[in-house]
Amino acid sequence: MAFELPDLPYAHDALASKGMSAETLEYHHDLHHKAYVDNGNKLIAGTEWEGKSLEDIITGTYNKDAVAQNGIFNNISQLWNHNQFWEMMGPNGSALPGELEKALVESFGSVDKFKEEFSAAGAGQFGSGWAWLVKDTDGGLKVTKTENGVNPLCFGQTALLGCDVWEHSYYIDFRNKRPAYLSNFLDNLVNWENVASRL
């Protein structure tokens, strides 16, 4: 069974008033995400990975000793990353659920300190990649950043929140102002209930 491009959980223009335009979503979801789906399906066809889950393919093809990952990993990992990314945002905004707020304060000292660390990770990721809030293997929360399509599954972590800092995620709306994009993401776009549900 080939992987399919999931529908966006909201209309293309649903995030426009919050800083992510319909044009960005049309390019990012309909073209970039679809390319990862199409290329991933082609690359796994006839291999040992055909019929396996996204998670099994990601953990099975990730090479911790390599700087450049293989094509199967790159496409399947980015397919998974984007599946999560759309769900982690929403048009309606949401208050920070108490359980998540408590966990953030315990791990970072305050919600604002978490936002500072997350924004710094995303802004400091050289080139393309992602900023993450993860539940680590010891159960604590931490902020990480990964290059290209690498994600928390590669390290046995649970992804609670991820922000795509590839240029195609923000250039239409923010040009080269990645820090402004990250601030807007945290303040206006995150669906905190979805994040809390991943705890």
# chains A, B, ... in the order shown; residues from 1 in each chain; ligands from 1
>>> closest_atom_pairs(of="stretch 143-168 of chain A", to="stretch 178-190 of chain A", cutoff="9 Å", atoms="only C-alpha atoms", output="CSV")
residue,atom,partner,partner_atom,distance
A:Leu161,CA,A:Val190,CA,8.4
A:Cys163,CA,A:Leu182,CA,7.7
A:Val165,CA,A:Arg178,CA,7.4
A:Glu167,CA,A:Arg178,CA,8.3
>>> write_last_selection(atoms="all heavy atoms", output="tab-separated table (two decimals), in the first residue's frame")
chain	number	residue	atom	x	y	z
A	161	LEU	N	6.41	18.92	19.44
A	161	LEU	CA	6.21	20.08	18.57
A	161	LEU	C	7.40	20.19	17.64
A	161	LEU	O	8.55	20.07	18.08
A	161	LEU	CB	6.09	21.36	19.41
A	161	LEU	CG	5.93	22.67	18.64
A	161	LEU	CD1	4.60	22.69	17.87
A	161	LEU	CD2	6.01	23.87	19.58
A	163	CYS	N	8.95	22.56	14.21
A	163	CYS	CA	8.80	23.71	13.30
A	163	CYS	C	9.79	23.56	12.15
A	163	CYS	O	11.00	23.43	12.36
A	163	CYS	CB	9.04	25.03	14.04
A	163	CYS	SG	8.71	26.47	13.01
A	165	VAL	N	12.10	24.74	9.47
A	165	VAL	CA	12.85	25.96	9.19
A	165	VAL	C	13.54	25.90	7.82
A	165	VAL	O	14.48	26.67	7.56
A	165	VAL	CB	13.85	26.32	10.32
A	165	VAL	CG1	13.10	26.63	11.61
A	165	VAL	CG2	14.89	25.25	10.55
A	167	GLU	N	13.59	27.04	4.06
A	167	GLU	CA	13.13	28.34	3.55
A	167	GLU	C	11.73	28.28	2.95
A	167	GLU	O	10.97	29.25	3.04
A	167	GLU	CB	14.11	28.90	2.52
A	167	GLU	CG	15.27	29.63	3.15
A	167	GLU	CD	16.01	30.51	2.16
A	167	GLU	OE1	15.86	30.32	0.94
A	167	GLU	OE2	16.75	31.38	2.62
>>> select_by_dssp(residues="chain A", states="strand (DSSP E)", output="list in words")
Gly129, Trp130, Ala131, Trp132, Leu133, Val134, Lys135, Leu141, Lys142, Val143, Thr144, Lys145, Thr146, Glu147, Thr158, Ala159, Leu160, Leu161, Gly162, Cys163 and Asp164 of chain A
>>> write_last_selection(atoms="C-alpha atoms", output="PDB file, in the first residue's frame")
ATOM      1  CA  GLY A 129      16.188  21.588   9.197  1.00  0.00           C
ATOM      2  CA  TRP A 130      13.748  21.556  12.093  1.00  0.00           C
ATOM      3  CA  ALA A 131      13.375  22.812  15.657  1.00  0.00           C
ATOM      4  CA  TRP A 132      11.703  20.402  18.077  1.00  0.00           C
ATOM      5  CA  LEU A 133      10.207  20.121  21.524  1.00  0.00           C
ATOM      6  CA  VAL A 134      10.680  16.484  22.471  1.00  0.00           C
ATOM      7  CA  LYS A 135      10.004  14.144  25.325  1.00  0.00           C
ATOM      8  CA  LEU A 141      11.236  17.692  27.918  1.00  0.00           C
ATOM      9  CA  LYS A 142      13.992  19.300  25.887  1.00  0.00           C
ATOM     10  CA  VAL A 143      14.452  21.499  22.839  1.00  0.00           C
ATOM     11  CA  THR A 144      16.499  20.101  19.958  1.00  0.00           C
ATOM     12  CA  LYS A 145      17.288  20.968  16.370  1.00  0.00           C
ATOM     13  CA  THR A 146      17.976  18.612  13.480  1.00  0.00           C
ATOM     14  CA  GLU A 147      19.463  19.063  10.043  1.00  0.00           C
ATOM     15  CA  THR A 158       8.821  11.617  21.124  1.00  0.00           C
ATOM     16  CA  ALA A 159       8.121  14.671  18.964  1.00  0.00           C
ATOM     17  CA  LEU A 160       5.744  17.018  20.791  1.00  0.00           C
ATOM     18  CA  LEU A 161       6.211  20.077  18.572  1.00  0.00           C
ATOM     19  CA  GLY A 162       8.204  20.616  15.391  1.00  0.00           C
ATOM     20  CA  CYS A 163       8.800  23.708  13.305  1.00  0.00           C
ATOM     21  CA  ASP A 164      10.039  23.449   9.733  1.00  0.00           C
TER      22      ASP A 164
END
>>> residues_around(residues="A:Val111", least_positions_apart="3", cutoff="12 Å", atoms="only C-alpha atoms", output="list in words")
Leu96, Pro97, Gly98, Leu100, Glu101, Lys102, Ala103, Leu104, Val105, Glu106, Ser107, Phe108, Phe114, Lys115, Glu116, Glu117, Phe118, Leu186 and Asp187 of chain A
>>> residues_around(residues="A:Met88", least_positions_apart="2", cutoff="7 Å", atoms="only C-alpha atoms", output="list of chain:residue names")
A:Gln84, A:Phe85, A:Trp86, A:Gly90, A:Leu161, A:Val190, A:Asn191, A:Asn194, A:Val195
>>> closest_residue(among="A:Tyr171, A:Ala22, A:Glu99, A:Ala2", to="A:Trp49", atoms="only C-alpha atoms")
A:Ala2
>>> select_by_dssp(residues="stretch 13-184 of chain A", states="alpha helix (DSSP H)", output="VMD selection string")
chain A and resid 22 to 25 34 to 44 54 to 61 71 to 87 98 to 108 111 to 124 171 to 174 178 to 184
>>> closest_residue(among="A:Gln69, A:Gln157, A:Asn148, A:Asn75", to="A:Asn41", atoms="only C-alpha atoms")
A:Asn75
>>> residues_around(residues="A:Val37", least_positions_apart="2", cutoff="9 Å", atoms="only C-alpha atoms", output="list in words")
Ala2, Phe3, Glu4, Leu5, His32, His33, Lys34, Ala35, Asn39, Gly40, Asn41, Lys42, Asn75, Ile76, Gln78 and Leu79 of chain A
>>> residues_around(residues="A:Gly60", least_positions_apart="4", cutoff="9 Å", atoms="only C-alpha atoms", output="PDB file with N, CA, C and O atoms, in the first residue's frame")
ATOM      1  N   TRP A  49      11.634  -2.238   2.357  1.00  0.00           N
ATOM      2  CA  TRP A  49      10.860  -1.254   3.109  1.00  0.00           C
ATOM      3  C   TRP A  49       9.424  -1.115   2.606  1.00  0.00           C
ATOM      4  O   TRP A  49       8.605  -0.497   3.279  1.00  0.00           O
ATOM      5  N   GLU A  55       7.421   5.040  10.436  1.00  0.00           N
ATOM      6  CA  GLU A  55       8.321   5.027  11.588  1.00  0.00           C
ATOM      7  C   GLU A  55       9.390   3.942  11.458  1.00  0.00           C
ATOM      8  O   GLU A  55      10.570   4.186  11.761  1.00  0.00           O
ATOM      9  N   ASP A  56       8.999   2.754  10.994  1.00  0.00           N
ATOM     10  CA  ASP A  56       9.970   1.665  10.825  1.00  0.00           C
ATOM     11  C   ASP A  56      10.995   2.001   9.745  1.00  0.00           C
ATOM     12  O   ASP A  56      12.186   1.677   9.878  1.00  0.00           O
ATOM     13  N   PHE A  73      15.527   7.546   3.333  1.00  0.00           N
ATOM     14  CA  PHE A  73      15.356   8.230   4.619  1.00  0.00           C
ATOM     15  C   PHE A  73      14.886   9.664   4.400  1.00  0.00           C
ATOM     16  O   PHE A  73      13.941  10.126   5.035  1.00  0.00           O
ATOM     17  N   CYS A 154      14.696   9.298  15.286  1.00  0.00           N
ATOM     18  CA  CYS A 154      16.049   8.765  15.083  1.00  0.00           C
ATOM     19  C   CYS A 154      16.804   8.589  16.401  1.00  0.00           C
ATOM     20  O   CYS A 154      17.779   7.849  16.457  1.00  0.00           O
TER      21      CYS A 154
END
>>> closest_residue(among="A:Ser17, A:Thr59, A:Thr24, A:Asn176", to="A:Ser77", atoms="only C-alpha atoms")
A:Thr59
>>> residues_around(residues="A:Ser21", least_positions_apart="4", cutoff="10 Å", atoms="only C-alpha atoms", output="VMD selection string")
chain A and resid 12 to 17 25 to 26 170 172 to 173
>>> closest_residue(among="A:Pro91, A:Gly156, A:Met1, A:Gln125", to="A:Asp138", atoms="only C-alpha atoms")
A:Gly156
>>> closest_residue(among="A:Glu87, A:Ser110, A:Leu54, A:His82", to="A:Arg198", atoms="only C-alpha atoms")
A:Glu87
>>> atom_distance(atom1="atom CA of A:Ser94", atom2="atom CA of A:Gly124")
27.1 Å
>>> closest_residue(among="A:Ala45, A:Val67, A:Met89, A:Ile57", to="A:Pro9", atoms="only C-alpha atoms")
A:Met89
>>> atom_distance(atom1="atom CA of A:Ser169", atom2="atom CA of A:His28")
6.5 Å
>>> decode(residues="stretch 65-113 of chain A", atoms="N, CA and C atoms", output="PDB file, in the first residue's frame")
ATOM      1  N   ASP A  65      25.999   7.705  11.624  1.00  0.00           N
ATOM      2  CA  ASP A  65      27.394   8.029  11.326  1.00  0.00           C
ATOM      3  C   ASP A  65      27.568   8.825  10.036  1.00  0.00           C
ATOM      4  N   ALA A  66      26.460   9.093   9.331  1.00  0.00           N
ATOM      5  CA  ALA A  66      26.550   9.783   8.042  1.00  0.00           C
ATOM      6  C   ALA A  66      26.067  11.222   8.165  1.00  0.00           C
ATOM      7  N   VAL A  67      26.742  12.128   7.476  1.00  0.00           N
ATOM      8  CA  VAL A  67      26.283  13.508   7.404  1.00  0.00           C
ATOM      9  C   VAL A  67      25.124  13.586   6.418  1.00  0.00           C
ATOM     10  N   ALA A  68      25.316  13.025   5.233  1.00  0.00           N
ATOM     11  CA  ALA A  68      24.260  12.992   4.216  1.00  0.00           C
ATOM     12  C   ALA A  68      23.522  11.658   4.317  1.00  0.00           C
ATOM     13  N   GLN A  69      22.214  11.739   4.514  1.00  0.00           N
ATOM     14  CA  GLN A  69      21.413  10.525   4.613  1.00  0.00           C
ATOM     15  C   GLN A  69      21.018  10.035   3.220  1.00  0.00           C
ATOM     16  N   ASN A  70      20.533   8.791   3.146  1.00  0.00           N
ATOM     17  CA  ASN A  70      20.142   8.216   1.863  1.00  0.00           C
ATOM     18  C   ASN A  70      18.787   8.751   1.415  1.00  0.00           C
ATOM     19  N   GLY A  71      18.471   8.536   0.154  1.00  0.00           N
ATOM     20  CA  GLY A  71      17.247   9.076  -0.430  1.00  0.00           C
ATOM     21  C   GLY A  71      15.975   8.557   0.203  1.00  0.00           C
ATOM     22  N   ILE A  72      15.944   7.267   0.549  1.00  0.00           N
ATOM     23  CA  ILE A  72      14.740   6.721   1.189  1.00  0.00           C
ATOM     24  C   ILE A  72      14.493   7.445   2.502  1.00  0.00           C
ATOM     25  N   PHE A  73      15.527   7.546   3.333  1.00  0.00           N
ATOM     26  CA  PHE A  73      15.356   8.230   4.619  1.00  0.00           C
ATOM     27  C   PHE A  73      14.886   9.664   4.400  1.00  0.00           C
ATOM     28  N   ASN A  74      15.580  10.395   3.543  1.00  0.00           N
ATOM     29  CA  ASN A  74      15.276  11.817   3.365  1.00  0.00           C
ATOM     30  C   ASN A  74      13.812  12.046   3.004  1.00  0.00           C
ATOM     31  N   ASN A  75      13.291  11.286   2.079  1.00  0.00           N
ATOM     32  CA  ASN A  75      11.918  11.499   1.621  1.00  0.00           C
ATOM     33  C   ASN A  75      10.884  10.984   2.610  1.00  0.00           C
ATOM     34  N   ILE A  76      11.120   9.805   3.170  1.00  0.00           N
ATOM     35  CA  ILE A  76      10.146   9.236   4.108  1.00  0.00           C
ATOM     36  C   ILE A  76      10.139  10.021   5.419  1.00  0.00           C
ATOM     37  N   SER A  77      11.303  10.463   5.867  1.00  0.00           N
ATOM     38  CA  SER A  77      11.362  11.243   7.089  1.00  0.00           C
ATOM     39  C   SER A  77      10.656  12.590   6.901  1.00  0.00           C
ATOM     40  N   GLN A  78      10.876  13.238   5.773  1.00  0.00           N
ATOM     41  CA  GLN A  78      10.202  14.506   5.512  1.00  0.00           C
ATOM     42  C   GLN A  78       8.692  14.315   5.326  1.00  0.00           C
ATOM     43  N   LEU A  79       8.291  13.187   4.779  1.00  0.00           N
ATOM     44  CA  LEU A  79       6.855  12.873   4.684  1.00  0.00           C
ATOM     45  C   LEU A  79       6.266  12.830   6.092  1.00  0.00           C
ATOM     46  N   TRP A  80       6.921  12.107   7.000  1.00  0.00           N
ATOM     47  CA  TRP A  80       6.446  11.999   8.387  1.00  0.00           C
ATOM     48  C   TRP A  80       6.470  13.357   9.084  1.00  0.00           C
ATOM     49  N   ASN A  81       7.584  14.099   8.922  1.00  0.00           N
ATOM     50  CA  ASN A  81       7.705  15.404   9.566  1.00  0.00           C
ATOM     51  C   ASN A  81       6.541  16.311   9.191  1.00  0.00           C
ATOM     52  N   HIS A  82       6.231  16.345   7.910  1.00  0.00           N
ATOM     53  CA  HIS A  82       5.165  17.235   7.450  1.00  0.00           C
ATOM     54  C   HIS A  82       3.787  16.739   7.889  1.00  0.00           C
ATOM     55  N   ASN A  83       3.588  15.432   7.928  1.00  0.00           N
ATOM     56  CA  ASN A  83       2.322  14.911   8.470  1.00  0.00           C
ATOM     57  C   ASN A  83       2.081  15.475   9.869  1.00  0.00           C
ATOM     58  N   GLN A  84       3.150  15.524  10.673  1.00  0.00           N
ATOM     59  CA  GLN A  84       3.036  16.038  12.043  1.00  0.00           C
ATOM     60  C   GLN A  84       2.846  17.556  12.047  1.00  0.00           C
ATOM     61  N   PHE A  85       3.601  18.240  11.199  1.00  0.00           N
ATOM     62  CA  PHE A  85       3.644  19.704  11.173  1.00  0.00           C
ATOM     63  C   PHE A  85       2.252  20.314  10.982  1.00  0.00           C
ATOM     64  N   TRP A  86       1.498  19.796  10.014  1.00  0.00           N
ATOM     65  CA  TRP A  86       0.159  20.362   9.760  1.00  0.00           C
ATOM     66  C   TRP A  86      -0.749  20.162  10.971  1.00  0.00           C
ATOM     67  N   GLU A  87      -0.604  19.022  11.639  1.00  0.00           N
ATOM     68  CA  GLU A  87      -1.457  18.736  12.807  1.00  0.00           C
ATOM     69  C   GLU A  87      -1.073  19.583  14.015  1.00  0.00           C
ATOM     70  N   MET A  88       0.184  20.009  14.067  1.00  0.00           N
ATOM     71  CA  MET A  88       0.679  20.782  15.208  1.00  0.00           C
ATOM     72  C   MET A  88       0.263  22.249  15.141  1.00  0.00           C
ATOM     73  N   MET A  89      -0.368  22.641  14.021  1.00  0.00           N
ATOM     74  CA  MET A  89      -0.849  24.006  13.859  1.00  0.00           C
ATOM     75  C   MET A  89      -2.366  23.985  13.724  1.00  0.00           C
ATOM     76  N   GLY A  90      -2.970  25.140  13.891  1.00  0.00           N
ATOM     77  CA  GLY A  90      -4.420  25.221  13.721  1.00  0.00           C
ATOM     78  C   GLY A  90      -4.886  26.659  13.656  1.00  0.00           C
ATOM     79  N   PRO A  91      -6.048  26.875  13.053  1.00  0.00           N
ATOM     80  CA  PRO A  91      -6.548  28.234  12.864  1.00  0.00           C
ATOM     81  C   PRO A  91      -7.237  28.830  14.081  1.00  0.00           C
ATOM     82  N   ASN A  92      -7.611  28.005  15.024  1.00  0.00           N
ATOM     83  CA  ASN A  92      -8.467  28.488  16.105  1.00  0.00           C
ATOM     84  C   ASN A  92      -7.708  28.929  17.347  1.00  0.00           C
ATOM     85  N   GLY A  93      -6.408  28.687  17.346  1.00  0.00           N
ATOM     86  CA  GLY A  93      -5.652  29.010  18.553  1.00  0.00           C
ATOM     87  C   GLY A  93      -6.088  28.090  19.678  1.00  0.00           C
ATOM     88  N   SER A  94      -5.297  27.979  20.667  1.00  0.00           N
ATOM     89  CA  SER A  94      -5.692  27.166  21.816  1.00  0.00           C
ATOM     90  C   SER A  94      -4.866  27.604  23.011  1.00  0.00           C
ATOM     91  N   ALA A  95      -5.509  27.603  24.152  1.00  0.00           N
ATOM     92  CA  ALA A  95      -4.789  27.922  25.384  1.00  0.00           C
ATOM     93  C   ALA A  95      -3.842  26.766  25.699  1.00  0.00           C
ATOM     94  N   LEU A  96      -2.824  27.061  26.447  1.00  0.00           N
ATOM     95  CA  LEU A  96      -1.861  26.036  26.845  1.00  0.00           C
ATOM     96  C   LEU A  96      -2.521  25.138  27.894  1.00  0.00           C
ATOM     97  N   PRO A  97      -2.754  23.861  27.574  1.00  0.00           N
ATOM     98  CA  PRO A  97      -3.348  22.985  28.589  1.00  0.00           C
ATOM     99  C   PRO A  97      -2.477  22.922  29.845  1.00  0.00           C
ATOM    100  N   GLY A  98      -3.109  22.797  30.993  1.00  0.00           N
ATOM    101  CA  GLY A  98      -2.403  22.844  32.270  1.00  0.00           C
ATOM    102  C   GLY A  98      -1.291  21.824  32.391  1.00  0.00           C
ATOM    103  N   GLU A  99      -1.544  20.611  31.922  1.00  0.00           N
ATOM    104  CA  GLU A  99      -0.547  19.541  32.025  1.00  0.00           C
ATOM    105  C   GLU A  99       0.711  19.903  31.244  1.00  0.00           C
ATOM    106  N   LEU A 100       0.529  20.467  30.047  1.00  0.00           N
ATOM    107  CA  LEU A 100       1.670  20.852  29.224  1.00  0.00           C
ATOM    108  C   LEU A 100       2.397  22.043  29.835  1.00  0.00           C
ATOM    109  N   GLU A 101       1.647  23.019  30.316  1.00  0.00           N
ATOM    110  CA  GLU A 101       2.267  24.189  30.946  1.00  0.00           C
ATOM    111  C   GLU A 101       3.133  23.770  32.133  1.00  0.00           C
ATOM    112  N   LYS A 102       2.603  22.868  32.945  1.00  0.00           N
ATOM    113  CA  LYS A 102       3.345  22.369  34.107  1.00  0.00           C
ATOM    114  C   LYS A 102       4.642  21.682  33.677  1.00  0.00           C
ATOM    115  N   ALA A 103       4.559  20.857  32.619  1.00  0.00           N
ATOM    116  CA  ALA A 103       5.740  20.142  32.133  1.00  0.00           C
ATOM    117  C   ALA A 103       6.784  21.109  31.572  1.00  0.00           C
ATOM    118  N   LEU A 104       6.326  22.162  30.883  1.00  0.00           N
ATOM    119  CA  LEU A 104       7.258  23.152  30.336  1.00  0.00           C
ATOM    120  C   LEU A 104       7.952  23.927  31.451  1.00  0.00           C
ATOM    121  N   VAL A 105       7.193  24.311  32.463  1.00  0.00           N
ATOM    122  CA  VAL A 105       7.777  25.049  33.588  1.00  0.00           C
ATOM    123  C   VAL A 105       8.784  24.180  34.329  1.00  0.00           C
ATOM    124  N   GLU A 106       8.449  22.904  34.519  1.00  0.00           N
ATOM    125  CA  GLU A 106       9.368  21.985  35.211  1.00  0.00           C
ATOM    126  C   GLU A 106      10.678  21.821  34.440  1.00  0.00           C
ATOM    127  N   SER A 107      10.576  21.769  33.113  1.00  0.00           N
ATOM    128  CA  SER A 107      11.761  21.488  32.292  1.00  0.00           C
ATOM    129  C   SER A 107      12.566  22.726  31.927  1.00  0.00           C
ATOM    130  N   PHE A 108      11.892  23.874  31.766  1.00  0.00           N
ATOM    131  CA  PHE A 108      12.583  25.071  31.270  1.00  0.00           C
ATOM    132  C   PHE A 108      12.568  26.252  32.239  1.00  0.00           C
ATOM    133  N   GLY A 109      11.794  26.169  33.305  1.00  0.00           N
ATOM    134  CA  GLY A 109      11.707  27.274  34.259  1.00  0.00           C
ATOM    135  C   GLY A 109      10.496  28.143  34.036  1.00  0.00           C
ATOM    136  N   SER A 110      10.101  28.322  32.770  1.00  0.00           N
ATOM    137  CA  SER A 110       8.899  29.081  32.429  1.00  0.00           C
ATOM    138  C   SER A 110       8.535  28.798  30.977  1.00  0.00           C
ATOM    139  N   VAL A 111       7.304  29.125  30.612  1.00  0.00           N
ATOM    140  CA  VAL A 111       6.874  28.961  29.217  1.00  0.00           C
ATOM    141  C   VAL A 111       7.665  29.900  28.316  1.00  0.00           C
ATOM    142  N   ASP A 112       7.903  31.123  28.784  1.00  0.00           N
ATOM    143  CA  ASP A 112       8.673  32.078  27.988  1.00  0.00           C
ATOM    144  C   ASP A 112      10.096  31.590  27.738  1.00  0.00           C
ATOM    145  N   LYS A 113      10.685  30.951  28.740  1.00  0.00           N
ATOM    146  CA  LYS A 113      12.049  30.417  28.577  1.00  0.00           C
ATOM    147  C   LYS A 113      12.048  29.292  27.552  1.00  0.00           C
TER     148      LYS A 113
END
